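Enquirer: Provided below: upload04.csv, containing CSV, N, CA and C atoms.
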chain,number,residue,atom,x,y,z
A,1,MET,N,0.8,-1.2,0.0
A,1,MET,CA,0.0,0.0,0.0
A,1,MET,C,0.9,1.2,0.0
A,2,ASP,N,0.5,2.2,-0.7
A,2,ASP,CA,1.2,3.5,-0.8
A,2,ASP,C,0.1,4.6,-0.5
A,3,ILE,N,0.5,5.5,0.4
A,3,ILE,CA,-0.4,6.6,0.7
A,3,ILE,C,0.3,7.9,0.6
A,4,GLN,N,-0.4,8.9,-0.1
A,4,GLN,CA,0.2,10.2,-0.3
A,4,GLN,C,-0.9,11.3,0.1
A,5,ASP,N,-0.5,12.3,0.8
A,5,ASP,CA,-1.4,13.4,1.1
A,5,ASP,C,-1.5,14.2,-0.1
A,6,THR,N,-2.8,14.6,-0.5
A,6,THR,CA,-3.0,15.4,-1.6
A,6,THR,C,-2.9,16.9,-1.3
A,7,GLY,N,-2.8,17.2,0.0
A,7,GLY,CA,-2.8,18.6,0.4
A,7,GLY,C,-4.1,19.3,0.6
A,8,TRP,N,-5.2,18.5,0.2
A,8,TRP,CA,-6.6,19.1,0.3
A,8,TRP,C,-7.1,18.6,1.7
A,9,ARG,N,-8.1,19.4,2.2
A,9,ARG,CA,-8.8,19.1,3.4
A,9,ARG,C,-10.3,19.4,3.1
A,10,VAL,N,-11.1,18.5,3.7
A,10,VAL,CA,-12.6,18.6,3.6
A,10,VAL,C,-13.1,18.6,5.0
A,11,ASN,N,-13.7,19.7,5.5
A,11,ASN,CA,-14.1,19.8,6.9
A,11,ASN,C,-13.0,19.4,7.8
A,12,ASP,N,-11.8,19.9,7.5
A,12,ASP,CA,-10.6,19.7,8.3
A,12,ASP,C,-10.1,18.2,8.3
A,13,GLN,N,-10.6,17.4,7.4
A,13,GLN,CA,-10.2,16.0,7.3
A,13,GLN,C,-9.3,15.9,6.1
A,14,PRO,N,-8.1,15.2,6.2
A,14,PRO,CA,-7.2,15.1,5.1
A,14,PRO,C,-7.7,14.2,3.9
A,15,GLN,N,-7.4,14.6,2.7
A,15,GLN,CA,-7.7,13.8,1.6
A,15,GLN,C,-6.3,13.1,1.2
A,16,ALA,N,-6.4,11.8,0.9
A,16,ALA,CA,-5.2,11.1,0.6
A,16,ALA,C,-5.4,10.3,-0.7
A,17,LYS,N,-4.3,10.0,-1.4
A,17,LYS,CA,-4.3,9.1,-2.6
A,17,LYS,C,-3.7,7.8,-2.1
A,18,VAL,N,-4.4,6.7,-2.2
A,18,VAL,CA,-4.0,5.4,-1.7
A,18,VAL,C,-4.0,4.4,-2.8
A,19,THR,N,-2.8,3.8,-3.0
A,19,THR,CA,-2.7,2.7,-3.9
A,19,THR,C,-2.7,1.4,-3.1
A,20,LEU,N,-3.6,0.5,-3.6
A,20,LEU,CA,-3.8,-0.8,-2.9
A,20,LEU,C,-4.0,-2.0,-3.8
A,21,GLN,N,-3.9,-3.2,-3.2
A,21,GLN,CA,-4.2,-4.4,-4.0
A,21,GLN,C,-5.5,-4.9,-3.5
A,22,VAL,N,-6.5,-5.1,-4.3
A,22,VAL,CA,-7.8,-5.6,-4.0
A,22,VAL,C,-7.8,-7.1,-4.3
A,23,THR,N,-8.3,-7.9,-3.4
A,23,THR,CA,-8.3,-9.3,-3.6
A,23,THR,C,-9.8,-9.8,-3.4
A,24,PRO,N,-10.6,-9.6,-4.4
A,24,PRO,CA,-12.0,-10.1,-4.3
A,24,PRO,C,-12.1,-11.6,-4.2
A,25,ALA,N,-13.1,-12.1,-3.6
A,25,ALA,CA,-13.4,-13.6,-3.6
A,25,ALA,C,-13.8,-14.1,-4.9
A,26,ASP,N,-14.5,-13.3,-5.7
A,26,ASP,CA,-15.1,-13.8,-6.9
A,26,ASP,C,-14.6,-13.1,-8.2
A,27,HIS,N,-13.5,-12.3,-8.1
A,27,HIS,CA,-12.9,-11.7,-9.2
A,27,HIS,C,-11.4,-11.8,-9.1
A,28,PRO,N,-10.6,-11.7,-10.2
A,28,PRO,CA,-9.2,-11.7,-10.1
A,28,PRO,C,-8.7,-10.5,-9.3
A,29,PRO,N,-7.6,-10.6,-8.5
A,29,PRO,CA,-7.0,-9.5,-7.8
A,29,PRO,C,-6.6,-8.4,-8.8
A,30,PHE,N,-6.7,-7.1,-8.3
A,30,PHE,CA,-6.3,-6.0,-9.1
A,30,PHE,C,-5.8,-4.9,-8.3
A,31,GLN,N,-5.0,-4.0,-8.8
A,31,GLN,CA,-4.5,-2.8,-8.2
A,31,GLN,C,-5.4,-1.7,-8.4
A,32,ALA,N,-5.6,-0.9,-7.3
A,32,ALA,CA,-6.5,0.3,-7.4
A,32,ALA,C,-5.9,1.5,-6.8
A,33,VAL,N,-6.2,2.7,-7.3
A,33,VAL,CA,-5.8,3.9,-6.7
A,33,VAL,C,-7.1,4.7,-6.3
A,34,ILE,N,-7.1,5.1,-5.1
A,34,ILE,CA,-8.3,5.8,-4.5
A,34,ILE,C,-7.8,7.1,-4.0
A,35,THR,N,-8.6,8.2,-4.3
A,35,THR,CA,-8.4,9.5,-3.7
A,35,THR,C,-9.6,9.7,-2.9
A,36,GLN,N,-9.4,9.8,-1.5
A,36,GLN,CA,-10.6,9.8,-0.6
A,36,GLN,C,-10.2,10.6,0.6
A,37,THR,N,-11.2,11.2,1.2
A,37,THR,CA,-11.1,11.9,2.5
A,37,THR,C,-11.1,10.9,3.6
A,38,PHE,N,-10.2,11.0,4.6
A,38,PHE,CA,-10.2,10.1,5.7
A,38,PHE,C,-10.3,10.9,7.1
A,39,ASP,N,-10.8,10.3,8.1
A,39,ASP,CA,-10.8,10.8,9.4
A,39,ASP,C,-9.3,10.8,9.8
A,40,VAL,N,-8.9,11.9,10.4
A,40,VAL,CA,-7.5,12.0,10.8
A,40,VAL,C,-7.0,10.9,11.7
A,41,PHE,N,-7.9,10.3,12.5
A,41,PHE,CA,-7.6,9.2,13.4
A,41,PHE,C,-7.4,7.9,12.7
A,42,ASP,N,-8.0,7.8,11.4
A,42,ASP,CA,-7.9,6.5,10.7
A,42,ASP,C,-6.5,6.5,9.9
A,43,LEU,N,-5.9,7.6,9.7
A,43,LEU,CA,-4.7,7.6,8.9
A,43,LEU,C,-3.6,6.6,9.4
A,44,GLY,N,-3.5,6.4,10.7
A,44,GLY,CA,-2.5,5.5,11.2
A,44,GLY,C,-2.8,4.0,10.8
A,45,SER,N,-4.0,3.7,10.4
A,45,SER,CA,-4.4,2.4,10.0
A,45,SER,C,-4.1,2.1,8.6
A,46,LEU,N,-3.7,3.1,7.8
A,46,LEU,CA,-3.3,2.9,6.4
A,46,LEU,C,-1.8,2.6,6.4
A,47,ALA,N,-1.5,1.4,6.4
A,47,ALA,CA,-0.1,1.0,6.5
A,47,ALA,C,0.1,-0.3,5.7
A,48,PRO,N,1.3,-0.6,5.2
A,48,PRO,CA,1.6,-1.9,4.5
A,48,PRO,C,1.0,-3.1,5.3
A,49,GLY,N,0.3,-4.0,4.6
A,49,GLY,CA,-0.2,-5.1,5.3
A,49,GLY,C,-1.6,-4.9,5.9
A,50,ALA,N,-2.1,-3.7,6.0
A,50,ALA,CA,-3.4,-3.4,6.6
A,50,ALA,C,-4.5,-3.9,5.7
A,51,GLN,N,-5.6,-4.3,6.3
A,51,GLN,CA,-6.8,-4.7,5.5
A,51,GLN,C,-7.9,-3.7,5.7
A,52,ALA,N,-8.8,-3.7,4.8
A,52,ALA,CA,-9.9,-2.8,4.9
A,52,ALA,C,-11.1,-3.3,4.0
A,53,GLN,N,-12.3,-2.8,4.4
A,53,GLN,CA,-13.5,-3.1,3.6
A,53,GLN,C,-13.6,-2.1,2.5
A,54,VAL,N,-13.7,-2.6,1.2
A,54,VAL,CA,-13.8,-1.6,0.1
A,54,VAL,C,-15.1,-2.0,-0.7
A,55,ARG,N,-15.6,-1.1,-1.5
A,55,ARG,CA,-16.7,-1.4,-2.4
A,55,ARG,C,-16.2,-0.9,-3.8
A,56,PHE,N,-16.5,-1.8,-4.8
A,56,PHE,CA,-16.1,-1.4,-6.1
A,56,PHE,C,-17.2,-1.9,-7.1
A,57,ASP,N,-17.3,-1.2,-8.2
A,57,ASP,CA,-18.2,-1.6,-9.3
A,57,ASP,C,-17.6,-2.7,-10.1
A,58,PRO,N,-18.1,-3.9,-10.1
A,58,PRO,CA,-17.5,-5.0,-10.8
A,58,PRO,C,-17.4,-4.8,-12.3
A,59,ASN,N,-18.3,-3.9,-12.8
A,59,ASN,CA,-18.2,-3.5,-14.3
A,59,ASN,C,-17.2,-2.4,-14.6
A,60,ASN,N,-16.8,-1.7,-13.5
A,60,ASN,CA,-15.8,-0.7,-13.6
A,60,ASN,C,-15.0,-0.6,-12.3
A,61,PRO,N,-14.0,-1.5,-12.2
A,61,PRO,CA,-13.2,-1.5,-10.9
A,61,PRO,C,-12.5,-0.2,-10.5
A,62,SER,N,-12.4,0.7,-11.4
A,62,SER,CA,-11.8,2.0,-11.0
A,62,SER,C,-12.8,2.8,-10.1
A,63,LYS,N,-14.0,2.4,-10.1
A,63,LYS,CA,-15.0,3.0,-9.2
A,63,LYS,C,-14.9,2.3,-7.8
A,64,ILE,N,-14.1,2.8,-6.9
A,64,ILE,CA,-13.8,2.0,-5.7
A,64,ILE,C,-13.7,3.0,-4.5
A,65,VAL,N,-14.1,2.6,-3.3
A,65,VAL,CA,-14.0,3.4,-2.1
A,65,VAL,C,-13.6,2.5,-1.0
A,66,ILE,N,-12.9,3.1,0.0
A,66,ILE,CA,-12.6,2.3,1.2
A,66,ILE,C,-13.8,2.7,2.2
A,67,GLU,N,-14.4,1.6,2.7
A,67,GLU,CA,-15.6,1.8,3.6
A,67,GLU,C,-15.1,1.9,5.0
A,68,SER,N,-14.3,0.9,5.4
A,68,SER,CA,-13.8,0.9,6.8
A,68,SER,C,-12.4,0.2,6.8
A,69,LEU,N,-11.6,0.6,7.8
A,69,LEU,CA,-10.3,0.0,7.9
A,69,LEU,C,-10.3,-1.1,9.0
A,70,GLY,N,-9.5,-2.1,8.7
A,70,GLY,CA,-9.4,-3.2,9.6
A,70,GLY,C,-10.6,-4.2,9.5
A,71,ALA,N,-11.4,-4.1,8.5
A,71,ALA,CA,-12.6,-4.9,8.4
A,71,ALA,C,-12.3,-6.2,7.6
A,72,ALA,N,-13.0,-7.2,7.8
A,72,ALA,CA,-12.8,-8.4,7.0
A,72,ALA,C,-13.7,-8.4,5.8
A,73,ALA,N,-13.4,-9.2,4.8
A,73,ALA,CA,-14.2,-9.2,3.5
A,73,ALA,C,-15.6,-9.7,3.8
A,74,GLY,N,-16.5,-9.4,2.9
A,74,GLY,CA,-17.8,-9.9,3.0
A,74,GLY,C,-18.8,-8.9,3.3
A,75,GLY,N,-20.1,-9.3,3.6
A,75,GLY,CA,-21.1,-8.3,3.9
A,75,GLY,C,-22.3,-8.5,3.0
A,76,MET,N,-23.4,-7.9,3.4
A,76,MET,CA,-24.7,-8.0,2.6
A,76,MET,C,-24.7,-6.9,1.5
A,77,VAL,N,-25.1,-7.3,0.3
A,77,VAL,CA,-25.2,-6.3,-0.8
A,77,VAL,C,-26.5,-6.5,-1.5
A,78,ALA,N,-27.2,-5.4,-1.7
A,78,ALA,CA,-28.4,-5.4,-2.5
A,78,ALA,C,-28.1,-5.5,-4.0
A,79,PRO,N,-29.0,-6.1,-4.8
A,79,PRO,CA,-28.7,-6.2,-6.2
A,79,PRO,C,-28.5,-4.8,-6.8
A,80,GLY,N,-27.5,-4.7,-7.7
A,80,GLY,CA,-27.2,-3.5,-8.4
A,80,GLY,C,-26.2,-2.6,-7.6
A,81,MET,N,-25.9,-2.9,-6.3
A,81,MET,CA,-25.0,-2.1,-5.5
A,81,MET,C,-23.5,-2.6,-5.8
A,82,MET,N,-22.6,-1.7,-5.4
A,82,MET,CA,-21.2,-2.1,-5.6
A,82,MET,C,-20.9,-3.2,-4.6
A,83,VAL,N,-19.9,-4.0,-5.0
A,83,VAL,CA,-19.6,-5.3,-4.3
A,83,VAL,C,-18.5,-5.0,-3.2
A,84,PRO,N,-18.7,-5.4,-2.0
A,84,PRO,CA,-17.7,-5.3,-1.0
A,84,PRO,C,-16.6,-6.3,-1.1
A,85,ASN,N,-15.3,-5.9,-0.9
A,85,ASN,CA,-14.2,-6.8,-0.9
A,85,ASN,C,-13.2,-6.4,0.1
A,86,ALA,N,-12.1,-7.2,0.3
A,86,ALA,CA,-11.0,-6.8,1.2
A,86,ALA,C,-9.8,-6.4,0.4
A,87,MET,N,-9.0,-5.6,1.0
A,87,MET,CA,-7.7,-5.3,0.4
A,87,MET,C,-6.6,-5.8,1.2
A,88,THR,N,-5.4,-5.9,0.5
A,88,THR,CA,-4.2,-6.2,1.2
A,88,THR,C,-3.1,-5.3,0.7
A,89,SER,N,-2.0,-5.3,1.3
A,89,SER,CA,-0.9,-4.3,1.0
A,89,SER,C,-0.2,-4.7,-0.3
A,90,LEU,N,0.4,-3.7,-1.0
A,90,LEU,CA,1.2,-4.0,-2.1
A,90,LEU,C,2.7,-4.2,-1.6
A,91,ASP,N,3.0,-3.8,-0.4
A,91,ASP,CA,4.3,-3.8,0.1
A,91,ASP,C,4.5,-4.7,1.3
A,92,LYS,N,4.2,-6.0,1.1
A,92,LYS,CA,4.3,-7.0,2.2
A,92,LYS,C,5.8,-7.3,2.4
Is it possible to give me this structure as structure tokens?
Expert:
Amino acid sequence: MDIQDTGWRVNDQPQAKVTLQVTPADHPPFQAVITQTFDVFDLGSLAPGAQAQVRFDPNNPSKIVIESLGAAAGGMVAPGMMVPNAMTSLDK
């Protein structure tokens, strides 16, 4: 995983660009780059080897967001919603 501060703040929360490896249960693994705003207290959880719950569009995996840090894969999904998956680090 690689994380870079973009220099932007939204409601005093930092925005970061995160590169990660997504390992879905029902799709081939892929690398993704996410630019997202994080709670300042969550930034310490973004480290090599960390896992998180993410959602991505299986028809367009570039549409992806981190939902929670330290979460396991899985979860309930309604038809037509983005699919939750887990991520692992690029820098093990």
Enquirer: One decimal, in Å: what's the spacing between CA of Asp39 in chain A and atom N of Asn11 in chain A?
Expert: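 Atom N of Asn11 in chain A lies 10.1 Å from CA of Asp39 in chain A.
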Enquirer: Looking at all atoms listed in the file, which of A:Gln21, A:Phe38, A:Pro28, A:Leu46 is the one that sits closest to Ile3 in chain A?
Expert: A:Leu46
Enquirer: Kindly give the distance, in Å, that separates atom C of Arg55 in chain A and atom N of Ser68 in chain A, rounded to a single decimal.
Expert: 9.6 Å
Enquirer: Determine the nearest neighbour of Gln36 in chain A from the options A:Pro24, A:Asp57, A:Gln13, A:Gln51, counting only N, CA and C atoms.
Expert: A:Gln13
Enquirer: Could you work out how far CA of Phe56 in chain A lies from atom N of Thr37 in chain A, giving the answer in Å with one decimal?
Expert: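 Atom-to-atom, atom N of Thr37 in chain A and CA of Phe56 in chain A are spaced 15.4 Å apart.
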Enquirer: Quick one: of A:Val10, A:Gln15, A:Leu69, A:Gln4, who's nearest to Asp42 in chain A, counting all atoms listed in the file?
Expert: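 Going through A:Val10, A:Gln15, A:Leu69, A:Gln4 one by one, the smallest distance to Asp42 in chain A is for A:Leu69.
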Enquirer: Quick one: residues within 7 Å of Thr19 in chain A, only C-alpha atoms counted, chain neighbours fewer than 6 positions away excluded, as number ranges by chain?
Expert: A: 1-3, 32-34
Enquirer: For the residues in that selection, give me N, CA and C atoms as a PDB file, in the coordinates of the input.
Expert:
ATOM      1  N   MET A   1       0.800  -1.200   0.000  1.00  0.00           N
ATOM      2  CA  MET A   1       0.000   0.000   0.000  1.00  0.00           C
ATOM      3  C   MET A   1       0.900   1.200   0.000  1.00  0.00           C
ATOM      4  N   ASP A   2       0.500   2.200  -0.700  1.00  0.00           N
ATOM      5  CA  ASP A   2       1.200   3.500  -0.800  1.00  0.00           C
ATOM      6  C   ASP A   2       0.100   4.600  -0.500  1.00  0.00           C
ATOM      7  N   ILE A   3       0.500   5.500   0.400  1.00  0.00           N
ATOM      8  CA  ILE A   3      -0.400   6.600   0.700  1.00  0.00           C
ATOM      9  C   ILE A   3       0.300   7.900   0.600  1.00  0.00           C
ATOM     10  N   ALA A  32      -5.600  -0.900  -7.300  1.00  0.00           N
ATOM     11  CA  ALA A  32      -6.500   0.300  -7.400  1.00  0.00           C
ATOM     12  C   ALA A  32      -5.900   1.500  -6.800  1.00  0.00           C
ATOM     13  N   VAL A  33      -6.200   2.700  -7.300  1.00  0.00           N
ATOM     14  CA  VAL A  33      -5.800   3.900  -6.700  1.00  0.00           C
ATOM     15  C   VAL A  33      -7.100   4.700  -6.300  1.00  0.00           C
ATOM     16  N   ILE A  34      -7.100   5.100  -5.100  1.00  0.00           N
ATOM     17  CA  ILE A  34      -8.300   5.800  -4.500  1.00  0.00           C
ATOM     18  C   ILE A  34      -7.800   7.100  -4.000  1.00  0.00           C
TER      19      ILE A  34
END
Enquirer: May I ask which of the residues A:Pro29, A:Ile66, A:Thr35, A:Leu43 is the closest one to Ala16 in chain A, counting only N, CA and C atoms?
Expert: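 Answer, going by the shortest atom-to-atom distance: A:Thr35.
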Enquirer: Calculated over only C-alpha atoms, which of the candidates A:Val40, A:Asp12, A:Phe30, A:Val22 has the smallest distance to Gln53 in chain A?
Expert: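 Closest candidate: A:Val22.
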Enquirer: When you write range 16-32 of chain A out from the block above, keep C-alpha atoms and present the result as a PDB file, in the first residue's frame, please.
Expert:
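part.pdb, written as the output of this step:
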ATOM      1  CA  ALA A  16      -5.182  11.078   0.564  1.00  0.00           C
ATOM      2  CA  LYS A  17      -4.304   9.147  -2.570  1.00  0.00           C
ATOM      3  CA  VAL A  18      -4.021   5.445  -1.680  1.00  0.00           C
ATOM      4  CA  THR A  19      -2.676   2.674  -3.927  1.00  0.00           C
ATOM      5  CA  LEU A  20      -3.750  -0.800  -2.850  1.00  0.00           C
ATOM      6  CA  GLN A  21      -4.160  -4.391  -3.959  1.00  0.00           C
ATOM      7  CA  VAL A  22      -7.780  -5.579  -3.992  1.00  0.00           C
ATOM      8  CA  THR A  23      -8.328  -9.322  -3.606  1.00  0.00           C
ATOM      9  CA  PRO A  24     -12.007 -10.092  -4.253  1.00  0.00           C
ATOM     10  CA  ALA A  25     -13.351 -13.560  -3.568  1.00  0.00           C
ATOM     11  CA  ASP A  26     -15.111 -13.802  -6.948  1.00  0.00           C
ATOM     12  CA  HIS A  27     -12.888 -11.655  -9.226  1.00  0.00           C
ATOM     13  CA  PRO A  28      -9.182 -11.676 -10.076  1.00  0.00           C
ATOM     14  CA  PRO A  29      -7.019  -9.467  -7.816  1.00  0.00           C
ATOM     15  CA  PHE A  30      -6.300  -5.984  -9.135  1.00  0.00           C
ATOM     16  CA  GLN A  31      -4.460  -2.822  -8.154  1.00  0.00           C
ATOM     17  CA  ALA A  32      -6.512   0.291  -7.438  1.00  0.00           C
TER      18      ALA A  32
END
